[in-house]
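Q: Got a structure for you, protein38.cif, holding mmCIF, C-alpha atoms.
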```
data_my_file
#
loop_
_atom_site.label_atom_id
_atom_site.label_comp_id
_atom_site.auth_asym_id
_atom_site.auth_seq_id
_atom_site.Cartn_x
_atom_site.Cartn_y
_atom_site.Cartn_z
CA MET A 18 87.86 115.58 73.89
CA LYS A 19 90.98 115.76 76.11
CA ASN A 20 89.55 118.64 78.10
CA LYS A 21 86.32 116.71 78.57
CA LYS A 22 88.19 113.62 79.82
CA ILE A 23 90.11 115.70 82.37
CA LEU A 24 86.92 117.34 83.58
CA LEU A 25 85.22 113.93 83.78
CA ALA A 26 88.08 112.34 85.77
CA ASN A 27 88.31 115.29 88.17
CA SER A 28 84.54 115.25 88.72
CA LEU A 29 84.56 111.48 89.35
CA LEU A 30 87.32 112.07 91.91
CA LEU A 31 84.88 114.15 93.95
CA VAL A 32 82.30 111.36 93.65
CA ALA A 33 84.88 108.84 94.92
CA LEU A 34 85.71 111.07 97.89
CA LEU A 35 82.00 111.43 98.70
CA ILE A 36 81.55 107.64 98.60
CA PHE A 37 84.51 107.13 100.94
CA ILE A 38 82.92 109.56 103.40
CA LEU A 39 79.35 108.26 103.17
CA ILE A 40 79.72 104.46 103.10
CA PRO A 41 81.39 104.11 106.55
CA SER A 42 78.79 106.47 108.05
CA ILE A 43 75.91 104.58 106.45
CA ALA A 44 77.39 101.24 107.61
CA ARG A 45 77.65 102.54 111.19
CA MET A 46 73.97 103.53 111.13
CA LEU A 47 72.67 100.36 109.47
CA PHE A 48 74.65 97.91 111.58
CA LYS A 49 74.74 100.10 114.72
CA LEU A 50 78.51 99.98 114.92
CA LYS A 51 80.17 101.72 117.84
CA ASP A 52 83.64 103.28 117.97
CA PRO A 53 86.26 101.99 118.13
CA ILE A 54 85.36 99.62 115.29
CA GLY A 55 87.10 96.23 115.44
CA GLY A 56 90.04 95.50 113.16
CA ASN A 57 88.30 92.98 110.92
CA ILE A 58 85.18 95.13 110.53
CA SER A 59 87.31 98.19 109.84
CA LEU A 60 89.23 96.32 107.13
CA LEU A 61 86.00 95.03 105.59
CA LEU A 62 84.61 98.57 105.45
CA SER A 63 87.81 99.90 103.94
CA GLY A 64 88.09 97.13 101.37
CA GLY A 65 84.42 97.26 100.42
CA THR A 66 84.49 101.02 100.01
CA SER A 67 87.58 100.81 97.77
CA VAL A 68 85.93 98.23 95.54
CA ILE A 69 82.72 100.27 95.20
CA ALA A 70 84.30 103.72 94.88
CA LEU A 71 87.47 103.11 92.89
CA GLY A 72 86.39 100.07 90.90
CA GLY A 73 82.89 101.34 90.23
CA ILE A 74 84.09 104.75 89.09
CA ALA A 75 86.75 103.21 86.84
CA LEU A 76 84.02 101.19 85.10
CA LEU A 77 81.82 104.28 84.90
CA TYR A 78 84.65 106.26 83.29
CA CYS A 79 85.09 103.55 80.65
CA ARG A 80 81.35 103.47 80.03
CA ILE A 81 81.09 107.26 79.62
CA THR A 82 84.12 107.45 77.30
CA LYS A 83 82.76 104.41 75.39
CA ARG A 84 85.97 102.38 75.45
CA ARG A 85 86.91 98.95 76.67
CA PHE A 86 88.29 98.55 80.19
CA ASN A 87 91.54 96.85 79.14
CA LYS A 88 92.24 99.56 76.55
CA VAL A 89 91.77 102.44 79.00
CA MET A 90 93.86 100.71 81.67
CA VAL A 91 96.50 99.43 79.20
CA ILE A 92 96.54 95.86 80.47
CA LYS A 93 99.47 94.03 78.87
CA LYS A 94 101.73 91.18 79.91
CA ILE A 95 105.11 91.98 81.38
CA SER A 96 108.23 89.82 81.24
CA LEU A 97 109.76 87.81 84.08
CA LYS A 98 112.77 90.14 84.06
CA GLN A 99 110.47 93.12 84.59
CA VAL A 100 108.72 91.30 87.45
CA PHE A 101 112.08 90.59 89.10
CA LEU A 102 113.24 94.20 88.75
CA ILE A 103 109.92 95.43 90.17
CA MET A 104 110.32 93.16 93.21
CA VAL A 105 113.79 94.60 93.86
CA VAL A 106 112.33 98.11 93.47
CA SER A 107 109.82 97.16 96.18
CA VAL A 108 112.68 96.40 98.57
CA GLY A 109 114.14 99.82 97.84
CA MET A 110 110.74 101.43 98.45
CA TYR A 111 110.47 99.73 101.85
CA CYS A 112 113.92 100.96 102.92
CA PHE A 113 113.05 104.44 101.71
CA ALA A 114 109.73 104.31 103.59
CA ILE A 115 111.48 103.51 106.87
CA GLY A 116 113.71 106.56 106.50
CA VAL A 117 110.85 108.89 105.55
CA ASN A 118 108.62 107.67 108.39
CA MET A 119 111.40 108.11 110.95
CA ILE A 120 111.77 111.77 110.00
CA SER A 121 108.00 112.31 109.72
CA MET A 122 107.32 111.04 113.23
CA LYS A 123 110.09 113.19 114.70
CA LEU A 124 109.18 116.42 112.90
CA PHE A 125 105.40 115.88 113.06
CA PRO A 126 104.48 114.17 116.37
CA VAL A 127 100.88 113.97 115.16
CA ALA A 128 102.09 111.30 112.72
CA ILE A 129 102.64 108.98 115.69
CA LYS A 130 98.87 108.93 116.13
CA ASP A 131 98.56 107.50 112.62
CA SER A 132 101.32 104.98 113.25
CA THR A 133 99.63 103.79 116.44
CA ALA A 134 96.27 103.51 114.68
CA ILE A 135 97.80 101.41 111.88
CA SER A 136 99.52 99.16 114.44
CA LYS A 137 96.26 98.63 116.33
CA LEU A 138 94.48 97.79 113.09
CA LEU A 139 97.08 95.19 112.12
CA ASN A 140 97.11 93.70 115.61
CA SER A 141 93.35 93.36 115.88
CA SER A 142 92.67 91.94 112.41
CA SER A 143 93.12 88.49 110.91
CA THR A 144 96.15 87.87 108.71
CA LEU A 145 94.09 86.43 105.85
CA LEU A 146 91.75 89.43 105.72
CA GLY A 147 94.73 91.75 105.95
CA LEU A 148 96.35 90.05 102.95
CA VAL A 149 93.23 90.64 100.87
CA VAL A 150 92.34 94.19 101.98
CA ILE A 151 95.83 95.63 102.47
CA ILE A 152 97.63 93.90 99.60
CA LEU A 153 95.30 92.69 96.84
CA ILE A 154 92.49 95.26 96.82
CA PRO A 155 94.72 98.39 96.78
CA ALA A 156 97.05 96.81 94.21
CA PHE A 157 94.18 96.41 91.75
CA PHE A 158 91.58 99.06 92.51
CA GLU A 159 93.90 101.95 93.38
CA GLU A 160 95.91 101.27 90.26
CA VAL A 161 92.95 101.19 87.86
CA PHE A 162 91.76 104.46 89.39
CA PHE A 163 94.96 106.48 89.81
CA ARG A 164 97.28 104.96 87.19
CA GLY A 165 94.44 103.91 84.89
CA VAL A 166 91.67 106.50 84.78
CA PHE A 167 93.84 109.55 85.52
CA LEU A 168 96.71 108.60 83.22
CA ASP A 169 94.19 108.14 80.43
CA ALA A 170 92.34 111.37 81.21
CA TYR A 171 95.52 113.47 81.45
CA GLU A 172 97.07 112.03 78.30
CA GLY A 173 98.49 114.79 76.13
CA ILE A 174 99.38 117.35 78.81
CA ASN A 175 102.89 118.11 80.01
CA LYS A 176 104.40 114.94 81.52
CA LYS A 177 105.83 116.61 84.64
CA MET A 178 102.55 118.38 85.37
CA LYS A 179 100.60 115.17 84.77
CA PHE A 180 102.80 113.15 87.13
CA PHE A 181 102.67 115.86 89.79
CA ILE A 182 98.86 116.10 89.74
CA ILE A 183 98.29 112.32 89.79
CA THR A 184 100.87 111.83 92.55
CA ALA A 185 99.35 114.62 94.66
CA ILE A 186 95.86 113.14 94.27
CA PHE A 187 97.12 109.66 95.20
CA ALA A 188 98.98 110.92 98.29
CA THR A 189 96.21 113.13 99.67
CA PHE A 190 93.55 110.47 99.07
CA HIS A 191 95.12 108.41 101.89
CA GLY A 192 94.15 111.21 104.24
CA ASN A 193 96.79 111.06 106.98
CA VAL A 194 100.04 112.83 107.83
CA MET A 195 101.94 109.60 108.51
CA GLN A 196 101.65 108.40 104.92
CA ILE A 197 101.38 111.54 102.81
CA VAL A 198 105.14 112.17 102.25
CA TYR A 199 106.02 108.53 101.63
CA VAL A 200 102.92 107.88 99.48
CA MET A 201 103.76 110.96 97.40
CA PHE A 202 107.09 109.36 96.54
CA LEU A 203 105.51 105.92 96.11
CA GLY A 204 103.01 107.42 93.68
CA LEU A 205 105.83 108.82 91.56
CA VAL A 206 107.66 105.47 91.49
CA LEU A 207 104.42 103.67 90.56
CA LEU A 208 103.98 106.06 87.64
CA LYS A 209 107.56 105.45 86.54
CA VAL A 210 107.09 101.67 86.69
CA ARG A 211 103.83 102.01 84.77
CA GLU A 212 105.68 104.05 82.15
CA TYR A 213 108.75 101.80 81.92
CA THR A 214 106.75 98.57 81.66
CA GLY A 215 104.11 100.05 79.33
CA SER A 216 101.40 98.27 81.31
CA ILE A 217 99.32 98.82 84.43
CA VAL A 218 100.28 95.26 85.39
CA GLY A 219 103.72 96.65 86.24
CA SER A 220 102.43 99.21 88.74
CA MET A 221 99.96 96.64 90.14
CA THR A 222 102.85 94.25 90.75
CA LEU A 223 104.91 96.92 92.53
CA HIS A 224 101.91 98.02 94.60
CA ALA A 225 101.11 94.44 95.67
CA VAL A 226 104.70 93.49 96.54
CA ASN A 227 105.32 96.80 98.34
CA ASN A 228 102.22 96.36 100.50
CA ALA A 229 103.04 92.70 101.10
CA ILE A 230 106.53 93.50 102.38
CA SER A 231 105.18 96.22 104.69
CA PHE A 232 102.32 94.05 105.97
CA ILE A 233 104.32 90.88 106.60
CA LEU A 234 107.35 92.58 108.16
CA SER A 235 105.10 94.81 110.29
CA LYS A 236 103.38 91.71 111.66
CA VAL A 237 106.72 90.05 112.43
CA VAL A 238 108.30 93.15 113.98
CA MET A 239 105.26 93.93 116.13
CA TYR A 240 105.15 90.41 117.48
CA TYR A 241 108.88 90.50 118.25
CA MET A 242 108.56 93.89 119.98
CA LYS A 243 105.69 92.61 122.09
CA ILE A 244 107.78 89.76 123.41
CA VAL A 245 111.01 91.76 123.93
CA ASN A 246 109.51 94.93 125.42
CA THR A 247 106.67 93.58 127.50
CA GLY A 248 106.99 89.84 127.74
CA ILE A 249 103.93 87.68 128.14
CA LYS A 250 101.84 88.26 131.23
CA ASN A 251 99.54 85.37 132.05
CA GLY A 252 99.62 84.32 128.42
CA VAL A 253 98.44 87.76 127.19
CA ILE A 254 100.63 90.32 125.43
CA ASP A 255 100.06 93.90 126.59
CA GLN A 256 99.67 95.86 123.34
CA THR A 257 99.18 99.21 125.05
CA GLN A 258 102.58 99.08 126.74
CA VAL A 259 104.30 98.12 123.48
CA GLN A 260 102.78 101.07 121.63
CA ALA A 261 103.63 103.43 124.49
CA ALA A 262 107.24 102.18 124.53
CA ALA A 263 107.60 102.65 120.76
CA THR A 264 106.10 106.14 120.95
CA THR A 265 108.39 107.17 123.81
CA ASP A 266 111.47 105.92 121.95
CA ALA A 267 110.49 107.89 118.82
CA MET A 268 109.88 111.08 120.81
CA ASN A 269 112.98 110.89 123.03
CA ALA A 270 115.59 110.25 120.34
CA SER A 271 117.35 113.44 119.23
CA LEU A 272 116.77 114.88 115.77
CA THR A 273 120.44 114.25 114.90
CA VAL A 274 120.16 110.56 115.79
CA ILE A 275 116.91 110.24 113.84
CA LEU A 276 118.44 111.94 110.79
CA LEU A 277 121.48 109.65 110.90
CA ARG A 278 119.33 106.54 111.16
CA ALA A 279 116.99 107.75 108.44
CA SER A 280 119.87 108.70 106.14
CA ILE A 281 121.13 105.11 106.11
CA PHE A 282 117.77 103.77 104.98
CA LEU A 283 117.23 106.62 102.51
CA LEU A 284 120.63 106.09 100.89
CA ILE A 285 120.20 102.32 100.63
CA GLY A 286 116.63 102.62 99.37
CA GLY A 287 117.50 105.43 96.96
CA ALA A 288 120.41 103.45 95.46
CA ILE A 289 118.26 100.36 94.94
CA LEU A 290 115.50 102.45 93.35
CA PHE A 291 117.82 104.37 91.06
CA ILE A 292 119.65 101.30 89.75
CA ASN A 293 116.60 99.13 89.15
CA LEU A 294 114.32 101.82 87.74
CA ARG A 295 117.08 102.67 85.28
CA GLN A 296 117.32 99.00 84.32
CA LEU A 297 113.55 98.89 83.77
CA LYS A 298 113.80 101.93 81.51
CA GLU A 299 116.77 100.53 79.56
CA TYR A 300 115.02 97.19 79.15
CA LYS A 301 111.96 98.91 77.68
CA GLU A 302 114.07 101.03 75.34
CA GLU A 303 116.05 98.02 74.15
CA ARG A 304 112.91 95.96 73.59
CA ASP A 305 110.74 98.59 71.96
CA GLY A 306 113.34 100.97 70.48
CA LEU A 307 111.36 104.03 71.57
CA GLU A 308 114.09 106.45 72.68
CA LEU A 309 113.80 108.85 69.73
CA ILE A 310 110.02 108.48 69.54
CA GLU A 311 109.64 109.33 73.24
CA GLU A 312 111.78 112.47 72.82
CA GLU A 313 109.58 113.61 69.95
CA GLU A 314 106.43 112.85 71.95
CA ASP A 315 107.75 114.87 74.90
CA PHE A 316 108.26 117.86 72.60
CA GLU A 317 104.79 117.44 71.14
CA GLU A 318 103.27 117.21 74.64
CA LYS A 319 104.85 120.54 75.59
CA CYS A 320 103.34 122.17 72.52
CA ILE A 321 99.92 120.62 73.20
CA VAL A 322 99.80 121.69 76.82
CA ARG A 323 100.40 125.35 75.95
CA LYS A 324 97.42 125.33 73.63
CA GLU A 325 95.15 123.48 76.05
CA GLU A 326 95.99 125.67 79.03
CA ILE A 327 94.99 128.75 77.03
CA ILE A 328 91.75 127.13 75.84
CA ASP A 329 90.28 125.85 79.11
CA LYS A 330 91.13 125.80 82.80
CA LYS A 331 87.60 125.12 84.06
CA GLN A 332 88.36 121.40 83.88
CA TYR A 333 90.53 121.80 87.00
CA ILE A 334 87.79 123.35 89.19
CA PRO A 335 86.65 119.94 90.58
CA LEU A 336 90.31 119.15 91.31
CA ALA A 337 90.70 122.37 93.30
CA ILE A 338 87.52 121.56 95.23
CA TYR A 339 88.94 118.11 95.99
CA PHE A 340 92.19 119.46 97.45
CA VAL A 341 90.32 122.01 99.57
CA ALA A 342 87.96 119.29 100.86
CA MET A 343 90.86 116.95 101.68
CA THR A 344 92.70 119.73 103.52
CA ILE A 345 89.62 120.40 105.66
CA LEU A 346 89.12 116.68 106.37
CA VAL A 347 92.75 116.12 107.38
CA VAL A 348 92.92 119.24 109.58
CA SER A 349 89.61 118.36 111.30
CA ARG A 350 90.87 114.84 111.92
CA TYR A 351 93.75 116.10 114.04
#
```
Let me see whether you can do it: turn the structure in this file into structure tokens.

A:
Amino acid sequence: MKNKKILLANSLLLVALLIFILIPSIARMLFKLKDPIGGNISLLLSGGTSVIALGGIALLYCRITKRRFNKVMVIKKISLKQVFLIMVVSVGMYCFAIGVNMISMKLFPVAIKDSTAISKLLNSSSTLLGLVVIILIPAFFEEVFFRGVFLDAYEGINKKMKFFIITAIFATFHGNVMQIVYVMFLGLVLLKVREYTGSIVGSMTLHAVNNAISFILSKVVMYYMKIVNTGIKNGVIDQTQVQAAATTDAMNASLTVILLRASIFLLIGGAILFINLRQLKEYKEERDGLELIEEEEDFEEKCIVRKEEIIDKKQYIPLAIYFVAMTILVVSRY
């Protein structure tokens, strides 16, 4: 049954990827949309596709496995203390993201293209729509897909291997160089929060707060940069000059300066993450008394994975196809 669930989840991943490719193309044809697509329309397409692909496939997975949605996703209440700790973890994630993105843009100039595209999208879209599509939709639908369906499907295999595969899928699914390193780390932290809270509500909370911090601060910072760097000409802010100025600054700074700046944010973010994730873990252990049980389960998982790997590896063929397809899509994009 476990092998069948893994094969099912990996196959549905390919279906989700296909939907994400086809829906925007179909929408362009039906509504005769021309590039570049406006910010609001782009967000609507992105949000709608996520709902259909991730949400629809999560429901389909539950239907095929003949289990209730809340049981597969492990939807349980979390305490106020856990919510508070998760919010502090989100602050650490944001600091860590700043450091990672600084290094990414310096080492991989192509990442600046992604950063500029994200900035244009935020600038040209309404705040209300951005709150829904950038914060709420990913927090729910990405979690039920990546930390719901895949955690359920991969239950019983080696924990480190399981976390690595799910994190890699989550990171590559975003499809751009700018986010892949940071999202890889975010995916791991989301899995840890999901584990330490014992509920997908925990990872949903972290995902929502993390995106909210990024969205709101990005809006504030961009508006401030527009005023400081370009001023207001005839009542209109020149966005092109702001983006060019930011790009030039990122490219001209030396690698040493970038590493020093990034190190500050990485150290601060890492310290916040370490302390508060540990507190989440300790809180769960104190409340549930599962320390010894978890150690026994880890040992059992290692024994189970050896047997399963010998029995069947065909279940990972769709996963291999997915990674090859994503590599081709990302390379062709740049």

Q: Pick from A:Leu146, A:Thr214, A:Val166, A:Ala288: nearest to Ser28 in chain A, with all atoms listed in the file counted?

A: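 When distances to Ser28 in chain A are compared using all atoms listed in the file, the smallest one comes from A:Val166.
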
Q: Within 9 Å of range 187-195 of chain A, counting all atoms listed in the file, which residues qualify if same-chain residues fewer than 2 places away don't, as a PyMOL selection string?

A: chain A and resi 34+118+121-122+125+127-132+159+163+182-185+197-204+340+343-344+346-347+350

Q: Quick one, how far is CA of Leu336 in chain A from CA of Leu31 in chain A?

A: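 Rounded to one decimal, the two atoms are 7.8 Å apart.
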
Q: Expanded to explicit residues, what is the PyMOL selection byres ((chain A and resi 221) around 12) for this file, as a ChimeraX atom specification?

A: /A:90-95,100,103-104,107,152-165,204,206-208,210-211,214,216-220,222-228

Q: Sort by chain and increasing residue number a table of all residues of range 84-173 of chain A within 9 Å of range 297-306 of chain A, each with its closest pair of atoms and their distance in Å to one decimal, counting all atoms listed in the file, and write it as a tab-separated table.

A:
```
residue	atom	partner	partner_atom	distance
A:Lys98	CA	A:Leu297	CA	8.8
A:Gln99	CA	A:Leu297	CA	6.6
A:Leu102	CA	A:Leu297	CA	6.8
A:Ile103	CA	A:Leu297	CA	8.1
```

Q: Once the PyMOL selection byres ((chain A and resi 78) around 12) is applied to the coordinates I shared, what remains selected? I want it as number ranges by chain.

A: A: 21-30, 32-33, 70-77, 79-86, 89-90, 161-162, 165-167, 169-170

Q: Which residues, protein or nucleic acid, reach to within 9 Å of (116.9, 100.8, 103.8) in the file's coordinates when using all atoms listed in the file, and can you give that as a VMD selection string?

A: chain A and resid 108 to 116 279 to 287 289

Q: Mind writing the picked residues with C-alpha atoms as a PDB file, keeping the file's coordinate frame?

A:
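The file below, result.pdb, is the result:
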```
ATOM      1  CA  VAL A 108     112.680  96.400  98.570  1.00  0.00           C
ATOM      2  CA  GLY A 109     114.140  99.820  97.840  1.00  0.00           C
ATOM      3  CA  MET A 110     110.740 101.430  98.450  1.00  0.00           C
ATOM      4  CA  TYR A 111     110.470  99.730 101.850  1.00  0.00           C
ATOM      5  CA  CYS A 112     113.920 100.960 102.920  1.00  0.00           C
ATOM      6  CA  PHE A 113     113.050 104.440 101.710  1.00  0.00           C
ATOM      7  CA  ALA A 114     109.730 104.310 103.590  1.00  0.00           C
ATOM      8  CA  ILE A 115     111.480 103.510 106.870  1.00  0.00           C
ATOM      9  CA  GLY A 116     113.710 106.560 106.500  1.00  0.00           C
ATOM     10  CA  ALA A 279     116.990 107.750 108.440  1.00  0.00           C
ATOM     11  CA  SER A 280     119.870 108.700 106.140  1.00  0.00           C
ATOM     12  CA  ILE A 281     121.130 105.110 106.110  1.00  0.00           C
ATOM     13  CA  PHE A 282     117.770 103.770 104.980  1.00  0.00           C
ATOM     14  CA  LEU A 283     117.230 106.620 102.510  1.00  0.00           C
ATOM     15  CA  LEU A 284     120.630 106.090 100.890  1.00  0.00           C
ATOM     16  CA  ILE A 285     120.200 102.320 100.630  1.00  0.00           C
ATOM     17  CA  GLY A 286     116.630 102.620  99.370  1.00  0.00           C
ATOM     18  CA  GLY A 287     117.500 105.430  96.960  1.00  0.00           C
ATOM     19  CA  ILE A 289     118.260 100.360  94.940  1.00  0.00           C
TER      20      ILE A 289
END
```

Q: What would the selection look like, as a ChimeraX atom specification, if the PyMOL selection byres ((chain A and resi 144) around 12) were run on the coordinates I just shared?

A: /A:56-57,60,138-143,145-152,229,232-233,235-237

Q: Can you write just those residues out, C-alpha atoms, as a PDB file, in the frame of the given file?

A:
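Output below, filename out.pdb:
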```pdb
ATOM      1  CA  GLY A  56      90.040  95.500 113.160  1.00  0.00           C
ATOM      2  CA  ASN A  57      88.300  92.980 110.920  1.00  0.00           C
ATOM      3  CA  LEU A  60      89.230  96.320 107.130  1.00  0.00           C
ATOM      4  CA  LEU A 138      94.480  97.790 113.090  1.00  0.00           C
ATOM      5  CA  LEU A 139      97.080  95.190 112.120  1.00  0.00           C
ATOM      6  CA  ASN A 140      97.110  93.700 115.610  1.00  0.00           C
ATOM      7  CA  SER A 141      93.350  93.360 115.880  1.00  0.00           C
ATOM      8  CA  SER A 142      92.670  91.940 112.410  1.00  0.00           C
ATOM      9  CA  SER A 143      93.120  88.490 110.910  1.00  0.00           C
ATOM     10  CA  LEU A 145      94.090  86.430 105.850  1.00  0.00           C
ATOM     11  CA  LEU A 146      91.750  89.430 105.720  1.00  0.00           C
ATOM     12  CA  GLY A 147      94.730  91.750 105.950  1.00  0.00           C
ATOM     13  CA  LEU A 148      96.350  90.050 102.950  1.00  0.00           C
ATOM     14  CA  VAL A 149      93.230  90.640 100.870  1.00  0.00           C
ATOM     15  CA  VAL A 150      92.340  94.190 101.980  1.00  0.00           C
ATOM     16  CA  ILE A 151      95.830  95.630 102.470  1.00  0.00           C
ATOM     17  CA  ILE A 152      97.630  93.900  99.600  1.00  0.00           C
ATOM     18  CA  ALA A 229     103.040  92.700 101.100  1.00  0.00           C
ATOM     19  CA  PHE A 232     102.320  94.050 105.970  1.00  0.00           C
ATOM     20  CA  ILE A 233     104.320  90.880 106.600  1.00  0.00           C
ATOM     21  CA  SER A 235     105.100  94.810 110.290  1.00  0.00           C
ATOM     22  CA  LYS A 236     103.380  91.710 111.660  1.00  0.00           C
ATOM     23  CA  VAL A 237     106.720  90.050 112.430  1.00  0.00           C
TER      24      VAL A 237
END
```
